[in-house]
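This report refers to the structure that appears directly beneath it.
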Amino acid sequence: MTNINAILDAARTHCDEVIKPNIAQWNDAGVWPRDASDKAAAAGLTGLYCAPEFGGQGLAFGEAIQVYEALGKGDGAYSFALSMHNICAFAVCNFATEAFREAWARDLTAGRKLANFALTEPQSGSDAMKMYTRARLDDAGNYIINGAKAWVSLAQEADVYLVVVKTSEAPGHKDMAMVAVPVTAEGLSFGPRYDTPSYRFLPMSEMYFENVKVPAENVIAPAGQGMQTALAAIDIARVSIAAGCCGLMETALDTALAYAKNRKMFDGVNLDLDGTLWPLGNIATDLEMSRLLYRKAAAAIGTKEGPLLAAHAKLYVPDAALRAATICTQILGGMGLLKPYGLDRLTLLAQMLKIVDGTTEIQRVVIGRALRKRAESLADIPVPKGYGEA
Ligand SMILES: Cc1cc2nc3c(=O)[nH]c(=O)nc-3n(C[C@H](O)[C@H](O)[C@H](O)COP(=O)(O)OP(=O)(O)OC[C@H]3O[C@@H](n4cnc5c(N)ncnc54)[C@H](O)[C@@H]3O)c2cc1C
């Protein structure tokens with residue numbers, strides 16, 4: 001079992017020595033920096049939640065998710081991609097068949113192979129139930145998959161994708177399964193890369209299945225448990241994103257502070273103005289609140305309260321990060337718009353992190369549903385006779 005402090009130190013070093021000095025060049029090149037993810041692997045950051053017997057660090061979510069705050073100080077998209085890989089590695093170590101786990105687990109925890117999830121489809125993002133990708137069993141017990149996924153991160157770069165599929169024509173999610181599809185599978189192809197405004201190094205595209213055959217040993221979650229497993233994974237992803245957003249907020253805040261303390265204006269510097277300090281103070285408060293939120297949500301992963309706390313964190317923190325990036329841009333004046341200061345990139349990243357793995361609005365839907373349930377459990381407060389009646 002690895003010590004969390006050692007892993008957090010490794011994540012901070014990775015951010016300072018690998019992400020920050022190279023992020024501009026990665027975005028210019030528009031290529032996933034495999035040498036960087038190899039270094040992350042060597043630092044122990046690719047098997048965070050997996051048991052040591054599979055080469056993982058064996059860390060609890062409540063502790064390990066702080067890694068993404070450290071990485072998010074460098075770049076939120078890089079942090080997001082590594083978080084998705086770690087979740088997939090966890091799924092393989094804990095839910096895959098023995099044969100699949102033996103074949104893949106150690107390569108995933110060691111980062112020799114990368115993994116990602118594919119749930120979203122061209123016609124369905126928030127409305128994940130409207131799924132058209134189908135998997136049917138052939139006589140030999142293989143799944144034959146046809147359909148299309150959209151917004152696949154690490155497209156063509158990951159070595160394996162955990163794909164959510166429907167196994168019948170019945171409406172709803174009760175027939176959904178999750179199967180692992182290696183990138184080399186015959187019949188698997190990818191669409192043109194999305195042209196993104198920042199995070200250009202993270203390849204994303206649609207992914208197409210034409211009679212893709214995978215053996216039964218590749219089933220991660222059998223029919224009936226595919227959506228449940230995907231939702232459990234998404235809860236971890238939501239909290240990881242909130243953690244990454246805290247790193248982003250701290251970088252935005254420090255950029256504004258470091259600049260404003262030197263920017264001469266009137267008889268002093270920008271940072272002397274209350275109009276500068278007060279919004280920065282709000283960001284500092286938001287950052288403290290956000291840390292409390294994501295850490296509480298991380299500790300609750302896998303419990304009954306987990307999904308709701310993940311929704312609170314995913315609702316609040318990316319929004320706070322976008323607010324922080326916008327305010328800090330304003331504080332630098334015209335300079336805030338220039339690329340070398342990085343605030344344009346942070347703004348685009350915060351907006352992206354509000355959308356991926358369940359939009360802000362979807363978190364409101366989750367929270368709203370919980371509030372309705374709570375209302376039902378409360379004793380009635382009678383409405384006075386005649387109120388609300390025509
Ligand atoms: C950078 C990036 C990487 C991604 N990587 C992956 C990946 O690796 N694998 C994967 O499977 N997916 C991935 N996604 C997909 C992502 O999870 C979806 O984009 C997200 O779930 C939203 O779906 P959508 O884009 O189709 O928006 P839509 O579902 O079309 O939503 C459009 C708008 O309607 C709003 N809306 C939806 N429902 C409601 C409602 N009930 N009430 C009010 N408003 C509502 C939404 O909040 C949004 O503002 C990625 C997305 C991004 C941006």
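Within each chain, counting starts at residue 1; across the structure tokens, chains are named A, B, ... in the order shown, with ligands numbered 1 upward in that order.
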Would you write out, as a Markdown table, a table of all residues in chain A that have an atom no more than 6 Å from an atom of ligand 1, listing for each the closest atom pair and the distance in Å to one decimal, considering only C-alpha atoms and all ligand atoms and ordering rows by chain and rising residue number?
| residue | atom | partner | partner_atom_place_in_ligand_line | distance |
| --- | --- | --- | --- | --- |
| A:Phe117 | CA | ligand 1 | 9 (N) | 5.0 |
| A:Ala118 | CA | ligand 1 | 11 (O) | 3.8 |
| A:Leu119 | CA | ligand 1 | 11 (O) | 3.5 |
| A:Thr120 | CA | ligand 1 | 11 (O) | 3.8 |
| A:Ser124 | CA | ligand 1 | 26 (O) | 5.4 |
| A:Gly125 | CA | ligand 1 | 26 (O) | 3.3 |
| A:Ser126 | CA | ligand 1 | 29 (O) | 3.6 |
| A:Asp127 | CA | ligand 1 | 29 (O) | 5.9 |
| A:Trp151 | CA | ligand 1 | 13 (C) | 4.6 |
| A:Val152 | CA | ligand 1 | 8 (O) | 4.1 |
| A:Ser153 | CA | ligand 1 | 8 (O) | 3.8 |
| A:Met352 | CA | ligand 1 | 53 (C) | 5.3 |
| A:Ile355 | CA | ligand 1 | 20 (C) | 5.5 |
| A:Val356 | CA | ligand 1 | 16 (C) | 4.1 |
| A:Asp357 | CA | ligand 1 | 17 (O) | 3.9 |
| A:Gly358 | CA | ligand 1 | 21 (O) | 4.4 |
| A:Thr359 | CA | ligand 1 | 47 (O) | 4.7 |
| A:Thr360 | CA | ligand 1 | 47 (O) | 5.9 |
| A:Glu361 | CA | ligand 1 | 47 (O) | 4.3 |
| A:Ile362 | CA | ligand 1 | 47 (O) | 5.6 |
Please write the residues from the selection above to a file, keeping N, CA and C atoms, as a JSON list (two decimals), in the first residue's frame.
[["chain", "number", "residue", "atom", "x", "y", "z"],
["A", 117, "PHE", "N", -13.41, 5.27, -21.22],
["A", 117, "PHE", "CA", -14.81, 4.85, -21.30],
["A", 117, "PHE", "C", -15.46, 5.37, -22.56],
["A", 118, "ALA", "N", -16.45, 4.65, -23.08],
["A", 118, "ALA", "CA", -17.25, 5.16, -24.19],
["A", 118, "ALA", "C", -18.72, 4.88, -23.88],
["A", 119, "LEU", "N", -19.42, 5.94, -23.49],
["A", 119, "LEU", "CA", -20.85, 5.86, -23.17],
["A", 119, "LEU", "C", -21.64, 6.74, -24.14],
["A", 120, "THR", "N", -21.17, 7.97, -24.31],
["A", 120, "THR", "CA", -21.89, 8.97, -25.12],
["A", 120, "THR", "C", -22.03, 8.51, -26.56],
["A", 124, "SER", "N", -27.03, 10.99, -28.16],
["A", 124, "SER", "CA", -27.34, 10.98, -26.73],
["A", 124, "SER", "C", -26.12, 11.26, -25.87],
["A", 125, "GLY", "N", -26.20, 12.40, -25.16],
["A", 125, "GLY", "CA", -25.17, 12.73, -24.17],
["A", 125, "GLY", "C", -25.82, 12.67, -22.81],
["A", 126, "SER", "N", -26.53, 13.75, -22.47],
["A", 126, "SER", "CA", -27.23, 13.78, -21.17],
["A", 126, "SER", "C", -28.28, 12.68, -21.10],
["A", 127, "ASP", "N", -28.94, 12.43, -22.22],
["A", 127, "ASP", "CA", -30.00, 11.42, -22.26],
["A", 127, "ASP", "C", -29.39, 10.07, -22.65],
["A", 151, "TRP", "N", -17.62, 11.61, -28.77],
["A", 151, "TRP", "CA", -16.82, 12.27, -27.73],
["A", 151, "TRP", "C", -15.91, 11.29, -27.00],
["A", 152, "VAL", "N", -15.31, 10.39, -27.75],
["A", 152, "VAL", "CA", -14.42, 9.41, -27.13],
["A", 152, "VAL", "C", -13.06, 10.08, -26.90],
["A", 153, "SER", "N", -12.71, 10.26, -25.63],
["A", 153, "SER", "CA", -11.40, 10.85, -25.32],
["A", 153, "SER", "C", -10.33, 9.78, -25.49],
["A", 352, "MET", "N", -15.17, 23.53, -20.40],
["A", 352, "MET", "CA", -15.22, 22.12, -20.81],
["A", 352, "MET", "C", -15.56, 21.23, -19.61],
["A", 355, "ILE", "N", -19.06, 20.64, -18.66],
["A", 355, "ILE", "CA", -19.88, 19.83, -19.57],
["A", 355, "ILE", "C", -19.58, 18.33, -19.44],
["A", 356, "VAL", "N", -18.29, 17.99, -19.42],
["A", 356, "VAL", "CA", -17.93, 16.57, -19.49],
["A", 356, "VAL", "C", -18.37, 15.79, -18.24],
["A", 357, "ASP", "N", -18.75, 14.54, -18.46],
["A", 357, "ASP", "CA", -19.19, 13.63, -17.39],
["A", 357, "ASP", "C", -20.43, 14.15, -16.65],
["A", 358, "GLY", "N", -21.34, 14.75, -17.39],
["A", 358, "GLY", "CA", -22.59, 15.25, -16.78],
["A", 358, "GLY", "C", -22.52, 16.74, -16.61],
["A", 359, "THR", "N", -23.36, 17.45, -17.38],
["A", 359, "THR", "CA", -23.31, 18.91, -17.36],
["A", 359, "THR", "C", -23.79, 19.46, -16.01],
["A", 360, "THR", "N", -23.56, 20.75, -15.82],
["A", 360, "THR", "CA", -24.04, 21.44, -14.62],
["A", 360, "THR", "C", -25.54, 21.22, -14.45],
["A", 361, "GLU", "N", -26.26, 21.30, -15.57],
["A", 361, "GLU", "CA", -27.73, 21.16, -15.50],
["A", 361, "GLU", "C", -28.12, 19.75, -15.06],
["A", 362, "ILE", "N", -27.38, 18.76, -15.52],
["A", 362, "ILE", "CA", -27.70, 17.38, -15.12],
["A", 362, "ILE", "C", -27.47, 17.20, -13.62]]
Practice item. For Ser189 (chain A), please output as a list in words all residues within 10 Å (counting only C-alpha atoms; exclusion window: fewer than 4 positions along the same chain). Key: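 Using only C-alpha atoms, the neighbours found are Ala148, Ala155, Gln156, Val183, Thr184, Ala185, Glu206, Met207, Tyr208, Phe209, Glu210 and Val212 of chain A.
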Just to be explicit: take each residue in the selection above, keep C-alpha atoms, and write the result as a tab-separated table (two decimals), in the first residue's frame.
chain	number	residue	atom	x	y	z
A	148	ALA	CA	-21.32	4.48	-32.86
A	155	ALA	CA	-9.47	8.27	-29.35
A	156	GLN	CA	-7.03	5.92	-31.12
A	183	VAL	CA	-8.27	-0.60	-30.11
A	184	THR	CA	-6.97	-3.32	-32.45
A	185	ALA	CA	-10.37	-5.06	-32.74
A	206	GLU	CA	-16.46	9.41	-32.76
A	207	MET	CA	-15.83	5.67	-32.71
A	208	TYR	CA	-17.62	3.20	-35.02
A	209	PHE	CA	-18.35	-0.49	-34.59
A	210	GLU	CA	-19.01	-2.69	-37.58
A	212	VAL	CA	-16.80	-5.93	-33.87
Could you give me, as JSON lines, a per-residue list for region 67-119 of chain A showing, wherever an atom lies at most 6 Å from an atom of region 31-47 of chain A, the closest pair of atoms and their distance in Å to one decimal, using only C-alpha atoms and sorting by chain then residue number from low to high?
{"residue": "A:Asn86", "atom": "CA", "partner": "A:Thr46", "partner_atom": "CA", "distance": 5.7}
{"residue": "A:Thr109", "atom": "CA", "partner": "A:Gly47", "partner_atom": "CA", "distance": 4.0}
{"residue": "A:Ala110", "atom": "CA", "partner": "A:Ala41", "partner_atom": "CA", "distance": 5.7}
{"residue": "A:Gly111", "atom": "CA", "partner": "A:Ala41", "partner_atom": "CA", "distance": 5.0}
Review point. Which value, in Å to one decimal, gives the distance between CA of Arg364 (chain A) and CA of Gly247 (chain A)?
Key: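 Pair CA of Arg364 (chain A) / CA of Gly247 (chain A) returns 23.4 Å.
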Name all residues at most 6 Å from Asp175 (chain A) (count only C-alpha atoms; drop same-chain ones fewer than 6 positions away) and give them as a compact mmCIF listing (two decimals) with C-alpha atoms, in the first residue's frame.
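To be explicit, this is the file written out as selection.txt:
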# COMPACT_ATOMS: atom_id res chain seq x y z
CA LYS A 166 -27.50 -2.46 -25.32
CA THR A 167 -28.02 -6.18 -25.72
CA ALA A 223 -26.35 -7.31 -19.26
CA GLY A 224 -28.42 -5.58 -16.60
Practice item. Considering only C-alpha atoms, return as a list in words whatever protein or nucleic-acid residues lie within 8 Å of Ala242 (chain A), sequence-local ones (same chain, fewer than 3 positions apart) excluded. Key: Arg238, Val239, Cys245, Cys246, Ser290, Tyr294, Ala313, Lys314, Val317 and Pro318 of chain A
Write to file, as an mmCIF file, in the first residue's frame, the residues of the selection just made, with N, CA and C atoms.
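Contents of again28.cif, as written:
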data_model
loop_
_atom_site.group_PDB
_atom_site.id
_atom_site.type_symbol
_atom_site.label_atom_id
_atom_site.label_comp_id
_atom_site.auth_asym_id
_atom_site.auth_seq_id
_atom_site.Cartn_x
_atom_site.Cartn_y
_atom_site.Cartn_z
ATOM 1 N N ARG A 238 -16.873 12.521 -11.745
ATOM 2 C CA ARG A 238 -17.386 13.855 -11.359
ATOM 3 C C ARG A 238 -16.559 14.443 -10.221
ATOM 4 N N VAL A 239 -16.230 13.616 -9.244
ATOM 5 C CA VAL A 239 -15.455 14.124 -8.101
ATOM 6 C C VAL A 239 -14.019 14.435 -8.556
ATOM 7 N N CYS A 245 -10.578 20.930 -10.927
ATOM 8 C CA CYS A 245 -10.998 22.342 -11.001
ATOM 9 C C CYS A 245 -10.404 23.158 -9.857
ATOM 10 N N CYS A 246 -10.171 22.530 -8.714
ATOM 11 C CA CYS A 246 -9.541 23.257 -7.600
ATOM 12 C C CYS A 246 -8.109 23.646 -7.983
ATOM 13 N N SER A 290 -14.720 24.613 -2.238
ATOM 14 C CA SER A 290 -14.670 23.575 -3.277
ATOM 15 C C SER A 290 -13.853 22.386 -2.811
ATOM 16 N N TYR A 294 -15.336 18.578 -2.654
ATOM 17 C CA TYR A 294 -14.870 17.400 -3.414
ATOM 18 C C TYR A 294 -14.277 16.349 -2.482
ATOM 19 N N ALA A 313 -20.656 18.397 -5.857
ATOM 20 C CA ALA A 313 -19.287 18.823 -6.196
ATOM 21 C C ALA A 313 -19.192 19.198 -7.679
ATOM 22 N N LYS A 314 -19.800 18.386 -8.545
ATOM 23 C CA LYS A 314 -19.704 18.648 -9.996
ATOM 24 C C LYS A 314 -20.532 19.874 -10.394
ATOM 25 N N VAL A 317 -18.225 23.145 -8.260
ATOM 26 C CA VAL A 317 -16.799 23.464 -8.409
ATOM 27 C C VAL A 317 -16.411 23.914 -9.832
ATOM 28 N N PRO A 318 -16.838 23.225 -10.893
ATOM 29 C CA PRO A 318 -16.470 23.746 -12.222
ATOM 30 C C PRO A 318 -17.036 25.145 -12.482
#
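For the residues A:Lys130, A:Ile234, A:Arg200, A:Asn27, ranking by smallest atom-to-atom distance to Asn116 (chain A) using only C-alpha atoms places A:Ile234 first.
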Residues of region 221-264 of chain A that have any atom at most 12 Å from an atom of region 60-84 of chain A: could you tabulate them with the shortest-distance atom pair and the distance in Å to one decimal, using only C-alpha atoms, ordered by chain and increasing number, as JSON lines?
{"residue": "A:Ala230", "atom": "CA", "partner": "A:Met84", "partner_atom": "CA", "distance": 11.7}
{"residue": "A:Ala233", "atom": "CA", "partner": "A:Met84", "partner_atom": "CA", "distance": 8.7}
{"residue": "A:Ile234", "atom": "CA", "partner": "A:Met84", "partner_atom": "CA", "distance": 9.1}
{"residue": "A:Asp235", "atom": "CA", "partner": "A:Phe61", "partner_atom": "CA", "distance": 11.2}
{"residue": "A:Ile236", "atom": "CA", "partner": "A:Phe61", "partner_atom": "CA", "distance": 8.1}
{"residue": "A:Ala237", "atom": "CA", "partner": "A:Met84", "partner_atom": "CA", "distance": 6.7}
{"residue": "A:Arg238", "atom": "CA", "partner": "A:Phe80", "partner_atom": "CA", "distance": 9.7}
{"residue": "A:Val239", "atom": "CA", "partner": "A:Ile65", "partner_atom": "CA", "distance": 7.6}
{"residue": "A:Ser240", "atom": "CA", "partner": "A:Ile65", "partner_atom": "CA", "distance": 5.8}
{"residue": "A:Ile241", "atom": "CA", "partner": "A:Phe80", "partner_atom": "CA", "distance": 6.4}
{"residue": "A:Ala242", "atom": "CA", "partner": "A:Glu69", "partner_atom": "CA", "distance": 8.2}
{"residue": "A:Ala243", "atom": "CA", "partner": "A:Glu69", "partner_atom": "CA", "distance": 4.6}
{"residue": "A:Gly244", "atom": "CA", "partner": "A:Gly72", "partner_atom": "CA", "distance": 4.2}
{"residue": "A:Cys245", "atom": "CA", "partner": "A:Gly72", "partner_atom": "CA", "distance": 6.3}
{"residue": "A:Cys246", "atom": "CA", "partner": "A:Glu69", "partner_atom": "CA", "distance": 5.7}
{"residue": "A:Gly247", "atom": "CA", "partner": "A:Lys73", "partner_atom": "CA", "distance": 4.0}
{"residue": "A:Leu248", "atom": "CA", "partner": "A:Lys73", "partner_atom": "CA", "distance": 5.0}
{"residue": "A:Met249", "atom": "CA", "partner": "A:Lys73", "partner_atom": "CA", "distance": 7.8}
{"residue": "A:Glu250", "atom": "CA", "partner": "A:Lys73", "partner_atom": "CA", "distance": 6.8}
{"residue": "A:Thr251", "atom": "CA", "partner": "A:Lys73", "partner_atom": "CA", "distance": 5.6}
{"residue": "A:Ala252", "atom": "CA", "partner": "A:Lys73", "partner_atom": "CA", "distance": 8.8}
{"residue": "A:Leu253", "atom": "CA", "partner": "A:Lys73", "partner_atom": "CA", "distance": 10.8}
{"residue": "A:Asp254", "atom": "CA", "partner": "A:Lys73", "partner_atom": "CA", "distance": 10.3}
{"residue": "A:Thr255", "atom": "CA", "partner": "A:Lys73", "partner_atom": "CA", "distance": 11.3}
Exercise for review: Just give me the gap between CA of Ile87 (chain A) and CA of Thr303 (chain A) in Å, one decimal is fine.
Suggested key: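 Between CA of Ile87 (chain A) and CA of Thr303 (chain A) the gap is 16.7 Å.
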Revision key, fill the gap. One residue among A:Arg369, A:Lys264, A:Arg323, A:Arg374 is nearest to Gln351 (chain A) when using only C-alpha atoms, and that residue is A:Arg323
Check your understanding: If you measure from CA of Leu162 (chain A) to CA of Val179 (chain A), what distance in Å do you get, rounded to one decimal?
Key ->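 Those two atoms sit 5.6 Å apart.
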